[in-house]
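Undergrad: Before we start, here is the structure in question, set down as structure tokens.
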Amino acid sequence: MSRYLLPLLLMTAPAHAASLYLCPLDKAPQAAIGAGVTAPDGARLRVLVSEAASLPGCRKLALGLDTARIEAVYPLPRDAKPEQTILLQGDDSKGALDVSEHTLIASRPEPDPPAPMPFGENLLAAMQLRSFGVEERVTATLQDGRLRIACKAGAKPAGVLLRGPWYLPRAEAALQATFSGSGAFLWQAADEARAAREGALDMGSLPAGGRLALPPGLERGAWRHFTVLCPQQAASLSLDALTLEPAAAHPAPRSTWIWSRTEWRERGQAMLDWAAGERIGEIFITVPLAEGRVAEPEALAAFIKAAGARGIAITAVEGDPHMVMPEQQAPTAARARAYADYNAQAEPAARLKGMQFDVEPYLIPAHVLPPAQRDRRYLELAARLRQAAGTMRLEFVVPFWWDSKTELLRELAQSADALSVMDYRTDPGQIYRFAVPFLDWAEAHGKQVRIALEAGPIGAETQRRYRRAAPGAAGDMLLVELDGLPVLVLLRQPAAHPKAQAFTLAGTRRIDGSATTFHGDKEALRRLLPKLEAVFGAWKGFGGMALHEWR
């Protein structure tokens with residue numbers, strides 16, 4: 001049967017036609033197909049598919065489809081406005097896509113924000129050139145990553161501007177030039193404010209060893225261009241490469257998580273032997289508590305002393321998304337006080353280095369904690385933990401994609417001494433790009449930041465790409481609105497609906513985790529670590545590489 005006949009056939013509903021319902025959670029019946037959601041007033045609701053003619057207290061939209069043709073439903077945020085393409089990702093091992101994340105792609109997507117200027121790459125390959133000077137005494141070319149400048153003699157300013165698609169990181173760094181030529185070419189750097197008034201800051205001259213320091217006072221995030229000024233006499237410059245290189249090295253210990261509560265208690269010596277062999281300088285362990293106190297203070301003190309004798313620091317780690325819930329914040333703060341009390345009573349050699357909280361509130365379902373409340377609850381918890389920790393070091397674990405949460409990070413700096421950023425990628429370029437905003441945050445606020453990589457197993461998921469269909473056409477997914485809530489209805493067979501926007505399945509791909517974890521190639525991670533440490537060490541606030549599931 002042709003798929004194009006289906007919309008006509010659906011005008012007559014099947015005998016057991018399904019409807020989409022939006023019900024209060026306490027009135028929602030059991031249904032094989034459904035999903036939780038939160039109303040604007042915080043009420044917990046459930047979207048579900050049912051063949052019932054009506055459900056008391058629920059809003060209804062008749063779908064006119066047999067239930068067997070419906071694979072899943074997935075509510076979108078109420079303010080979502082999908083345009084051309086929708087990406088859905090999740091586990092489909094049980095016969096239906098259990099969506100874990102979605103991406104809405106507009107027909108005219110926003111341009112990507114500037115990336116941080118990379119270290120160790122020839123910047124000239126991605127730069128644009130513009131000559132200036134009223135006497136027209138400059139001839140310049142930029143081709144295949146090589147810059148050639150020829151200047152005639154003259155008294156008025158002349159030279160070239162070099163622009164690129166980046167911003168400058170706050171690292172201690174310098175430009176390194178590979179060049180030949182004659183005459184002294186002055187280099188300058190300009191940020192947005194200085195470029196607007198045709199000003200710049202001096203960096204030094206070539207030839208002068210090929211190294212050009214980034215000037216103090218330059219607003220790195222608003223970098224606009226480098227200027228190369230001709231001398232007054234005739235001169236030439238051949239630049240074969242221009243790279244950004246670390247100008248300082250701030251070494252920091254590697255760290256790792258040991259989540260098993262019995263590991264340090266029962267096999268502590270073996271764990272320390274392994275850590276020393278892996279050049280681990282800090283271990284995050286779970287410390288059992290009882291009645292508001294560390295359960296076994298003598299055992300913990302002995303382990304911390306043994307670790308300290310090997311040059312290894314010990315930090316207590318806690319983690320549960322529900323810690324941000326209002327009813328859980330006080331008990332969580334009490335746990336922080338228990339660690340602070342332990343440190344206050346322990347001798348210096350037996351003290352924890354600090355406490356770390358891996359909370360991840362975005363893992364809480366929307367019907368439990370609305371997404372709009374997550375940041376506020378998180379910051380409330382952070383402030384309570386700061387008060388409870390006193391002078392003890394307090395660290396939070398955050399995902400790399402929080403780099404866009406500038407307000408949250410600004411306020412979090414009032415509570416946190418340090419962050420561990422889950423930079424869970426395997427591509428070195430991505431690791432660098434996702435790390436720099438947080439390293440810059442550390443520089444701006446006088447904090448420390450660890451960059452964490454994943455080495456544990458990650459289950460494979462499926463990603464589907466759906467594209468908007470023509471009006472009235474059948475689709476593999478329908479976007480409907482139920483009481484102001486946009487809901488995606490995933491179908492096993494194409495269908496149309498008079499009150500829905502249809503989307504057709506444009507492609508499916510398997511995501512096996514190799515872009516996220518080094519679990520399948522830990523030797524690649526061993527080779528990569530020294531390179532990352534050499535680059536990230538250019539930030540004073542670099543707290544070291546943290547390895548998850550390394551053991």
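Identifiers in this document derive from the order of the structure tokens: chains are assigned A, B, ..., residues are numbered from 1 separately in each chain, and ligands are numbered from 1 in order of occurrence.
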Per residue of segment 412-488 of chain A within 12 Å of segment 375-381 of chain A, note the shortest atom pair and the distance in Å to one decimal, counting only C-alpha atoms, and order the rows by chain and increasing residue number, as a tab-separated table.

TA:
residue	atom	partner	partner_atom	distance
A:Leu412	CA	A:Leu379	CA	6.5
A:Ala413	CA	A:Leu379	CA	10.1
A:Gln414	CA	A:Leu379	CA	9.7
A:Ser415	CA	A:Leu379	CA	8.5
A:Ala416	CA	A:Leu379	CA	10.3

Undergrad: Write a file of the just-selected residues containing N, CA and C atoms, as a PDB file, in the first residue's frame.

TA:
ATOM      1  N   LEU A 412      27.869  31.201  41.123  1.00  0.00           N
ATOM      2  CA  LEU A 412      28.494  30.035  41.729  1.00  0.00           C
ATOM      3  C   LEU A 412      29.886  30.361  42.262  1.00  0.00           C
ATOM      4  N   ALA A 413      30.551  31.337  41.655  1.00  0.00           N
ATOM      5  CA  ALA A 413      31.878  31.738  42.120  1.00  0.00           C
ATOM      6  C   ALA A 413      31.850  32.260  43.553  1.00  0.00           C
ATOM      7  N   GLN A 414      30.682  32.691  44.040  1.00  0.00           N
ATOM      8  CA  GLN A 414      30.582  33.166  45.413  1.00  0.00           C
ATOM      9  C   GLN A 414      30.606  32.014  46.412  1.00  0.00           C
ATOM     10  N   SER A 415      30.310  30.791  45.953  1.00  0.00           N
ATOM     11  CA  SER A 415      30.252  29.635  46.847  1.00  0.00           C
ATOM     12  C   SER A 415      31.379  28.650  46.623  1.00  0.00           C
ATOM     13  N   ALA A 416      31.843  28.513  45.389  1.00  0.00           N
ATOM     14  CA  ALA A 416      32.793  27.456  45.035  1.00  0.00           C
ATOM     15  C   ALA A 416      34.230  27.920  45.168  1.00  0.00           C
TER      16      ALA A 416
END

Undergrad: Within 12 Å of Ala336 of chain A, counting only C-alpha atoms, which residues show up once you throw out same-chain ones fewer than 4 positions away? Write them as a compact mmCIF listing (two decimals) with N, CA, C and O atoms, in the first residue's frame, please.

TA:
# COMPACT_ATOMS: atom_id res chain seq x y z
N VAL A 287 32.70 8.87 51.76
CA VAL A 287 32.96 8.69 53.20
C VAL A 287 31.63 8.46 53.90
O VAL A 287 30.79 9.38 53.96
N LEU A 289 28.68 8.36 56.52
CA LEU A 289 28.30 9.18 57.67
C LEU A 289 27.25 8.44 58.49
O LEU A 289 26.47 7.64 57.95
N GLY A 292 25.03 12.21 61.57
CA GLY A 292 25.61 13.53 61.37
C GLY A 292 27.10 13.62 61.58
O GLY A 292 27.64 14.73 61.67
N ARG A 293 27.81 12.47 61.64
CA ARG A 293 29.25 12.48 61.85
C ARG A 293 29.90 11.46 60.91
O ARG A 293 29.23 10.55 60.40
N VAL A 294 31.19 11.62 60.66
CA VAL A 294 31.93 10.61 59.92
C VAL A 294 31.85 9.30 60.70
O VAL A 294 32.13 9.26 61.90
N ALA A 316 36.52 14.18 50.03
CA ALA A 316 35.24 13.48 50.13
C ALA A 316 34.30 13.94 49.03
O ALA A 316 34.18 15.15 48.77
N VAL A 317 33.63 12.99 48.37
CA VAL A 317 32.73 13.33 47.28
C VAL A 317 31.31 12.87 47.61
O VAL A 317 31.11 11.80 48.20
N GLU A 318 30.36 13.70 47.27
CA GLU A 318 28.94 13.40 47.42
C GLU A 318 28.27 13.64 46.07
O GLU A 318 28.72 14.48 45.29
N GLY A 319 27.18 12.94 45.81
CA GLY A 319 26.51 13.19 44.54
C GLY A 319 25.13 12.60 44.45
O GLY A 319 24.95 11.39 44.62
N MET A 323 19.61 16.35 45.60
CA MET A 323 20.10 17.24 46.66
C MET A 323 19.63 18.67 46.48
O MET A 323 19.59 19.44 47.44
N GLN A 329 17.85 19.91 50.80
CA GLN A 329 18.97 20.83 50.94
C GLN A 329 19.52 20.86 52.37
O GLN A 329 20.74 20.87 52.58
N ALA A 330 18.65 20.85 53.37
CA ALA A 330 19.13 20.86 54.75
C ALA A 330 19.90 19.57 55.09
O ALA A 330 21.00 19.65 55.67
N PRO A 331 19.40 18.37 54.76
CA PRO A 331 20.19 17.17 55.01
C PRO A 331 21.52 17.15 54.26
O PRO A 331 22.52 16.64 54.78
N THR A 332 21.54 17.73 53.06
CA THR A 332 22.80 17.79 52.30
C THR A 332 23.79 18.72 52.99
O THR A 332 24.99 18.41 53.09
N ALA A 340 33.25 19.06 57.69
CA ALA A 340 33.93 20.20 58.30
C ALA A 340 34.24 19.91 59.78
O ALA A 340 35.32 20.25 60.28
N ASP A 341 33.31 19.26 60.47
CA ASP A 341 33.56 18.90 61.88
C ASP A 341 34.70 17.89 62.00
O ASP A 341 35.52 17.98 62.91
N TYR A 342 34.72 16.93 61.08
CA TYR A 342 35.82 15.95 61.12
C TYR A 342 37.17 16.66 60.97
O TYR A 342 38.11 16.40 61.73
N ASN A 343 37.27 17.55 59.99
CA ASN A 343 38.54 18.25 59.77
C ASN A 343 38.92 19.11 60.97
O ASN A 343 40.10 19.24 61.31
N GLY A 354 39.36 18.50 51.03
CA GLY A 354 38.15 19.27 50.81
C GLY A 354 36.97 18.35 50.60
O GLY A 354 37.03 17.14 50.86
N MET A 355 35.85 18.95 50.16
CA MET A 355 34.66 18.18 49.83
C MET A 355 34.19 18.58 48.43
O MET A 355 34.34 19.74 48.02
N GLN A 356 33.66 17.61 47.71
CA GLN A 356 33.22 17.84 46.33
C GLN A 356 31.77 17.35 46.20
O GLN A 356 31.42 16.27 46.71
N PHE A 357 30.95 18.13 45.49
CA PHE A 357 29.55 17.77 45.30
C PHE A 357 29.25 17.65 43.80
O PHE A 357 29.41 18.61 43.04
N LEU A 381 21.38 25.63 46.95
CA LEU A 381 22.13 24.55 47.60
C LEU A 381 23.60 24.94 47.75
O LEU A 381 24.21 24.71 48.82
N ALA A 382 24.19 25.52 46.70
CA ALA A 382 25.60 25.90 46.77
C ALA A 382 25.86 26.88 47.91
O ALA A 382 26.85 26.77 48.64
N ALA A 383 24.96 27.85 48.10
CA ALA A 383 25.13 28.82 49.18
C ALA A 383 25.03 28.15 50.55
O ALA A 383 25.78 28.47 51.47
N ARG A 384 24.12 27.19 50.70
CA ARG A 384 23.98 26.49 51.98
C ARG A 384 25.21 25.62 52.25
O ARG A 384 25.66 25.51 53.40
N LEU A 385 25.74 25.01 51.20
CA LEU A 385 26.94 24.19 51.37
C LEU A 385 28.14 25.06 51.74
O LEU A 385 28.99 24.66 52.53
N ARG A 386 28.21 26.25 51.14
CA ARG A 386 29.31 27.16 51.48
C ARG A 386 29.27 27.52 52.96
O ARG A 386 30.31 27.53 53.64
N GLN A 387 28.10 27.80 53.46
CA GLN A 387 27.97 28.16 54.87
C GLN A 387 28.33 26.97 55.77
O GLN A 387 29.01 27.12 56.78
N ALA A 388 27.88 25.78 55.36
CA ALA A 388 28.14 24.59 56.17
C ALA A 388 29.61 24.19 56.13
O ALA A 388 30.16 23.72 57.14
N ALA A 389 30.28 24.38 54.98
CA ALA A 389 31.68 23.98 54.84
C ALA A 389 32.62 24.89 55.60
O ALA A 389 33.75 24.49 55.94
N GLY A 390 32.21 26.11 55.89
CA GLY A 390 33.10 27.05 56.57
C GLY A 390 34.32 27.35 55.72
O GLY A 390 34.22 27.72 54.56
N THR A 391 35.50 27.15 56.31
CA THR A 391 36.74 27.43 55.58
C THR A 391 37.24 26.22 54.80
O THR A 391 38.27 26.30 54.13
N MET A 392 36.53 25.11 54.85
CA MET A 392 36.97 23.91 54.15
C MET A 392 36.74 24.07 52.65
O MET A 392 35.74 24.66 52.21
N ARG A 393 37.66 23.55 51.86
CA ARG A 393 37.60 23.67 50.40
C ARG A 393 36.31 23.01 49.89
O ARG A 393 36.00 21.87 50.22
N LEU A 394 35.58 23.75 49.04
CA LEU A 394 34.31 23.28 48.50
C LEU A 394 34.37 23.31 46.97
O LEU A 394 34.64 24.35 46.37
N GLU A 395 34.11 22.16 46.38
CA GLU A 395 34.24 22.00 44.92
C GLU A 395 32.95 21.42 44.36
O GLU A 395 32.28 20.62 45.01

Undergrad: Here is a test: counting only C-alpha atoms, which residue of A:Gln430, A:Thr516, A:Thr256, A:Ser420 is nearest to Ala115 of chain A?

TA: A:Gln430

Undergrad: So which residues touch Ala196 of chain A within 12 Å, counting only C-alpha atoms, skipping near sequence neighbours fewer than 4 positions away, as a PDB file with C-alpha atoms, in the first residue's frame?

TA:
ATOM      1  CA  ALA A 190      43.577  45.396  19.563  1.00  0.00           C
ATOM      2  CA  ASP A 191      40.363  44.467  21.341  1.00  0.00           C
ATOM      3  CA  GLU A 192      36.916  45.687  20.344  1.00  0.00           C
ATOM      4  CA  ALA A 200      46.193  49.087  19.866  1.00  0.00           C
ATOM      5  CA  ALA A 222      36.946  40.862  22.759  1.00  0.00           C
ATOM      6  CA  TRP A 223      40.131  40.450  20.692  1.00  0.00           C
ATOM      7  CA  ARG A 224      39.689  41.798  17.153  1.00  0.00           C
ATOM      8  CA  HIS A 225      43.009  41.767  15.310  1.00  0.00           C
TER       9      HIS A 225
END

Undergrad: Excluding Trp550 of chain A and its own-chain neighbours fewer than 5 positions away, which residues fall within 12 Å of it when counting only C-alpha atoms? Please give them as number ranges by chain.

TA: A: 254-259, 271, 274-275, 278-280, 283, 452-457, 517-523, 525-526, 545

Undergrad: What's around segment 494-509 of chain A at 7 Å? Count only C-alpha atoms, leave out sequence neighbours fewer than 2 positions away in its own chain, and write the answer as a list of chain:residue names.

TA: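 The residues satisfying every condition are A:Arg3, A:Leu6, A:Pro7, A:Thr462, A:Gln463, A:Arg464, A:Arg465, A:Tyr466, A:Arg467, A:Arg468, A:Ala469, A:Gly472, A:Ala473, A:Ala474, A:Gly475, A:Asp476, A:Met477, A:Leu478, A:Leu479, A:Val480, A:Leu491, A:Arg492, A:Ile511.
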
Undergrad: Hey, can you spit out that residue selection with N, CA and C atoms as a short mmCIF file (atom, residue, chain, number, x, y, z; two decimals), in the first residue's frame?

TA:
data_model
loop_
_atom_site.label_atom_id
_atom_site.label_comp_id
_atom_site.auth_asym_id
_atom_site.auth_seq_id
_atom_site.Cartn_x
_atom_site.Cartn_y
_atom_site.Cartn_z
N ARG A 3 2.25 4.81 0.91
CA ARG A 3 2.18 5.65 2.10
C ARG A 3 1.38 6.92 1.86
N LEU A 6 -2.33 6.96 3.00
CA LEU A 6 -2.65 6.85 4.42
C LEU A 6 -3.45 8.03 4.95
N PRO A 7 -3.15 9.29 4.61
CA PRO A 7 -3.94 10.39 5.17
C PRO A 7 -5.42 10.26 4.84
N THR A 462 20.75 5.79 19.94
CA THR A 462 20.35 6.08 18.56
C THR A 462 19.95 7.54 18.45
N GLN A 463 20.38 8.18 17.37
CA GLN A 463 19.96 9.55 17.10
C GLN A 463 19.14 9.57 15.81
N ARG A 464 17.98 10.18 15.88
CA ARG A 464 17.12 10.32 14.71
C ARG A 464 17.03 11.79 14.32
N ARG A 465 17.02 12.02 13.01
CA ARG A 465 16.87 13.37 12.47
C ARG A 465 15.52 13.44 11.74
N TYR A 466 14.64 14.31 12.23
CA TYR A 466 13.33 14.50 11.61
C TYR A 466 13.29 15.89 10.94
N ARG A 467 12.69 15.94 9.75
CA ARG A 467 12.55 17.22 9.04
C ARG A 467 11.09 17.53 8.80
N ARG A 468 10.78 18.80 8.86
CA ARG A 468 9.40 19.27 8.69
C ARG A 468 8.86 18.84 7.33
N ALA A 469 7.65 18.31 7.32
CA ALA A 469 6.99 17.91 6.09
C ALA A 469 6.10 19.04 5.57
N GLY A 472 -0.15 19.32 5.63
CA GLY A 472 -1.12 18.30 5.27
C GLY A 472 -0.52 16.96 4.93
N ALA A 473 0.80 16.87 4.82
CA ALA A 473 1.43 15.60 4.45
C ALA A 473 1.51 14.67 5.64
N ALA A 474 1.70 13.38 5.32
CA ALA A 474 1.92 12.40 6.37
C ALA A 474 3.36 12.49 6.85
N GLY A 475 3.58 12.06 8.08
CA GLY A 475 4.92 12.08 8.63
C GLY A 475 5.17 10.92 9.56
N ASP A 476 6.45 10.73 9.90
CA ASP A 476 6.85 9.68 10.84
C ASP A 476 6.76 10.17 12.28
N MET A 477 6.51 11.47 12.45
CA MET A 477 6.34 12.06 13.78
C MET A 477 5.40 13.24 13.64
N LEU A 478 4.53 13.41 14.62
CA LEU A 478 3.58 14.51 14.62
C LEU A 478 3.87 15.43 15.80
N LEU A 479 3.85 16.73 15.53
CA LEU A 479 3.96 17.73 16.58
C LEU A 479 2.57 18.30 16.82
N VAL A 480 2.03 18.04 18.00
CA VAL A 480 0.70 18.52 18.34
C VAL A 480 0.80 19.41 19.57
N LEU A 491 5.78 7.81 15.53
CA LEU A 491 4.92 6.82 14.89
C LEU A 491 5.71 5.66 14.33
N ARG A 492 5.08 4.50 14.32
CA ARG A 492 5.68 3.33 13.69
C ARG A 492 5.35 3.27 12.20
N ILE A 511 25.15 6.11 17.93
CA ILE A 511 26.19 6.82 18.68
C ILE A 511 26.74 5.85 19.71
#

Undergrad: Quick one: pull the distance between atom CA of Thr85 of chain A and atom CA of Ser107 of chain A, Å, one decimal.

TA: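 Taking atom CA of Thr85 of chain A as the start and atom CA of Ser107 of chain A as the end point, the length is 7.5 Å.
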
Undergrad: Can you pull out every residue within 6 Å of Tyr167 of chain A, counting only C-alpha atoms, but drop anything in the same chain fewer than 5 positions away, and send it as a PDB file with C-alpha atoms, in the first residue's frame?

TA:
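around.pdb, written as the output of this step:
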ATOM      1  CA  PRO A 116      39.127  30.147  21.662  1.00  0.00           C
ATOM      2  CA  MET A 117      42.328  30.696  19.717  1.00  0.00           C
ATOM      3  CA  GLY A 221      37.448  37.859  25.059  1.00  0.00           C
ATOM      4  CA  TRP A 223      40.131  40.450  20.692  1.00  0.00           C
TER       5      TRP A 223
END

Undergrad: Looking only at the backbone, which of the residues in segment 234-270 of chain A does DSSP tag as strand (DSSP E), as a list of chain:residue names?

TA: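 Reading the DSSP output for segment 234-270 of chain A, strand (DSSP E) covers A:Ala235, A:Ser236, A:Leu237, A:Ser238, A:Leu239, A:Asp240, A:Ala241, A:Leu242, A:Thr243, A:Leu244, A:Glu245, A:Pro246, A:Arg254, A:Ser255, A:Thr256, A:Trp257, A:Ile258.
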
Undergrad: Write out the residues from the selection above, keeping all heavy atoms, as a compact mmCIF listing (two decimals), in the first residue's frame.

TA:
# COMPACT_ATOMS: atom_id res chain seq x y z
N ALA A 235 61.46 47.36 3.79
CA ALA A 235 61.64 46.13 4.56
C ALA A 235 60.74 45.04 3.99
O ALA A 235 59.81 45.30 3.22
CB ALA A 235 61.30 46.37 6.03
N SER A 236 61.03 43.80 4.38
CA SER A 236 60.22 42.67 3.94
C SER A 236 60.11 41.66 5.08
O SER A 236 61.00 41.56 5.93
CB SER A 236 60.82 42.00 2.70
OG SER A 236 62.08 41.43 3.02
N LEU A 237 59.02 40.93 5.08
CA LEU A 237 58.78 39.92 6.11
C LEU A 237 58.11 38.72 5.48
O LEU A 237 57.09 38.86 4.79
CB LEU A 237 57.90 40.49 7.23
CG LEU A 237 57.53 39.52 8.36
CD1 LEU A 237 58.77 39.11 9.15
CD2 LEU A 237 56.49 40.15 9.29
N SER A 238 58.69 37.55 5.68
CA SER A 238 58.09 36.28 5.23
C SER A 238 57.76 35.46 6.47
O SER A 238 58.67 35.04 7.19
CB SER A 238 59.06 35.52 4.32
OG SER A 238 59.31 36.25 3.13
N LEU A 239 56.50 35.29 6.71
CA LEU A 239 56.05 34.57 7.90
C LEU A 239 55.50 33.21 7.45
O LEU A 239 54.48 33.13 6.76
CB LEU A 239 54.95 35.38 8.60
CG LEU A 239 54.73 35.17 10.09
CD1 LEU A 239 55.97 35.51 10.88
CD2 LEU A 239 53.55 36.01 10.57
N ASP A 240 56.19 32.15 7.84
CA ASP A 240 55.77 30.81 7.44
C ASP A 240 54.82 30.17 8.43
O ASP A 240 54.10 29.22 8.08
CB ASP A 240 57.00 29.91 7.27
CG ASP A 240 57.86 30.35 6.10
OD1 ASP A 240 57.29 30.80 5.10
OD2 ASP A 240 59.09 30.25 6.20
N ALA A 241 54.78 30.64 9.65
CA ALA A 241 53.85 30.10 10.66
C ALA A 241 53.72 31.10 11.80
O ALA A 241 54.68 31.82 12.13
CB ALA A 241 54.33 28.76 11.18
N LEU A 242 52.55 31.12 12.39
CA LEU A 242 52.28 31.95 13.57
C LEU A 242 51.43 31.09 14.50
O LEU A 242 50.31 30.71 14.16
CB LEU A 242 51.54 33.23 13.19
CG LEU A 242 51.25 34.22 14.32
CD1 LEU A 242 52.56 34.84 14.82
CD2 LEU A 242 50.29 35.31 13.85
N THR A 243 51.96 30.78 15.67
CA THR A 243 51.25 29.90 16.60
C THR A 243 51.12 30.56 17.96
O THR A 243 51.92 31.41 18.34
CB THR A 243 51.98 28.56 16.76
OG1 THR A 243 53.30 28.80 17.26
CG2 THR A 243 52.05 27.81 15.45
N LEU A 244 50.08 30.15 18.69
CA LEU A 244 49.91 30.55 20.08
C LEU A 244 50.53 29.46 20.95
O LEU A 244 50.21 28.28 20.79
CB LEU A 244 48.43 30.71 20.42
CG LEU A 244 48.09 31.23 21.81
CD1 LEU A 244 48.52 32.69 21.96
CD2 LEU A 244 46.60 31.09 22.10
N GLU A 245 51.42 29.85 21.85
CA GLU A 245 52.15 28.88 22.67
C GLU A 245 52.06 29.28 24.15
O GLU A 245 52.01 30.47 24.48
CB GLU A 245 53.62 28.82 22.25
CG GLU A 245 53.86 28.45 20.80
CD GLU A 245 53.45 27.04 20.46
OE1 GLU A 245 53.28 26.23 21.40
OE2 GLU A 245 53.29 26.74 19.26
N PRO A 246 52.06 28.29 25.05
CA PRO A 246 52.06 28.61 26.49
C PRO A 246 53.32 29.38 26.86
O PRO A 246 54.43 29.04 26.43
CB PRO A 246 52.03 27.24 27.17
CG PRO A 246 51.51 26.30 26.13
CD PRO A 246 51.99 26.84 24.81
N ARG A 254 47.08 14.99 38.83
CA ARG A 254 45.93 14.29 38.30
C ARG A 254 45.07 13.77 39.45
O ARG A 254 45.57 13.53 40.55
CB ARG A 254 46.37 13.12 37.41
CG ARG A 254 47.12 13.57 36.17
CD ARG A 254 47.67 12.39 35.39
NE ARG A 254 48.50 12.85 34.27
CZ ARG A 254 49.22 12.06 33.49
NH1 ARG A 254 49.22 10.73 33.71
NH2 ARG A 254 49.93 12.56 32.50
N SER A 255 43.80 13.58 39.17
CA SER A 255 42.88 13.11 40.20
C SER A 255 41.93 12.09 39.60
O SER A 255 41.80 11.97 38.38
CB SER A 255 42.10 14.28 40.82
OG SER A 255 41.46 15.04 39.81
N THR A 256 41.25 11.35 40.47
CA THR A 256 40.30 10.35 40.01
C THR A 256 39.26 10.09 41.08
O THR A 256 39.46 10.44 42.26
CB THR A 256 41.01 9.04 39.62
OG1 THR A 256 40.10 8.21 38.88
CG2 THR A 256 41.49 8.27 40.84
N TRP A 257 38.14 9.48 40.68
CA TRP A 257 37.06 9.13 41.60
C TRP A 257 37.10 7.63 41.90
O TRP A 257 37.27 6.80 41.00
CB TRP A 257 35.70 9.45 40.97
CG TRP A 257 35.37 10.90 40.89
CD1 TRP A 257 34.65 11.64 41.80
CD2 TRP A 257 35.70 11.81 39.83
NE1 TRP A 257 34.53 12.94 41.38
CE2 TRP A 257 35.16 13.09 40.17
CE3 TRP A 257 36.41 11.70 38.63
CZ2 TRP A 257 35.30 14.20 39.36
CZ3 TRP A 257 36.56 12.80 37.82
CH2 TRP A 257 36.01 14.04 38.18
N ILE A 258 36.93 7.29 43.15
CA ILE A 258 36.73 5.91 43.58
C ILE A 258 35.39 5.88 44.32
O ILE A 258 35.31 6.28 45.49
CB ILE A 258 37.86 5.39 44.48
CG1 ILE A 258 39.22 5.50 43.77
CG2 ILE A 258 37.59 3.96 44.92
CD1 ILE A 258 39.36 4.60 42.55

Undergrad: Excluding segment 18-28 of chain A and its own-chain neighbours fewer than 5 positions away, which residues fall within 7 Å of it when counting only C-alpha atoms? Please give them as a list in words.

TA: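 Answer for this query is Arg44, Leu45, Arg46, Val47, Leu48, Val49, Ser50, Glu51, Gly57, Cys58, Arg59, Lys60, Leu61, Ala62, Leu63, Gly64, Leu65, Asp66 and Thr67 of chain A.
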
Undergrad: Could you tell me, as a PyMOL selection string, which residues of segment 353-551 of chain A DSSP assigns to helix (DSSP H, G or I) when given the backbone?

TA: chain A and resi 361-363+371-389+400-404+406-412+428-445+522-536

Undergrad: To one decimal place in Å, what is the distance between atom CA of Gly36 of chain A and atom CA of Asp91 of chain A?

TA: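 These two atoms are separated by 17.4 Å.
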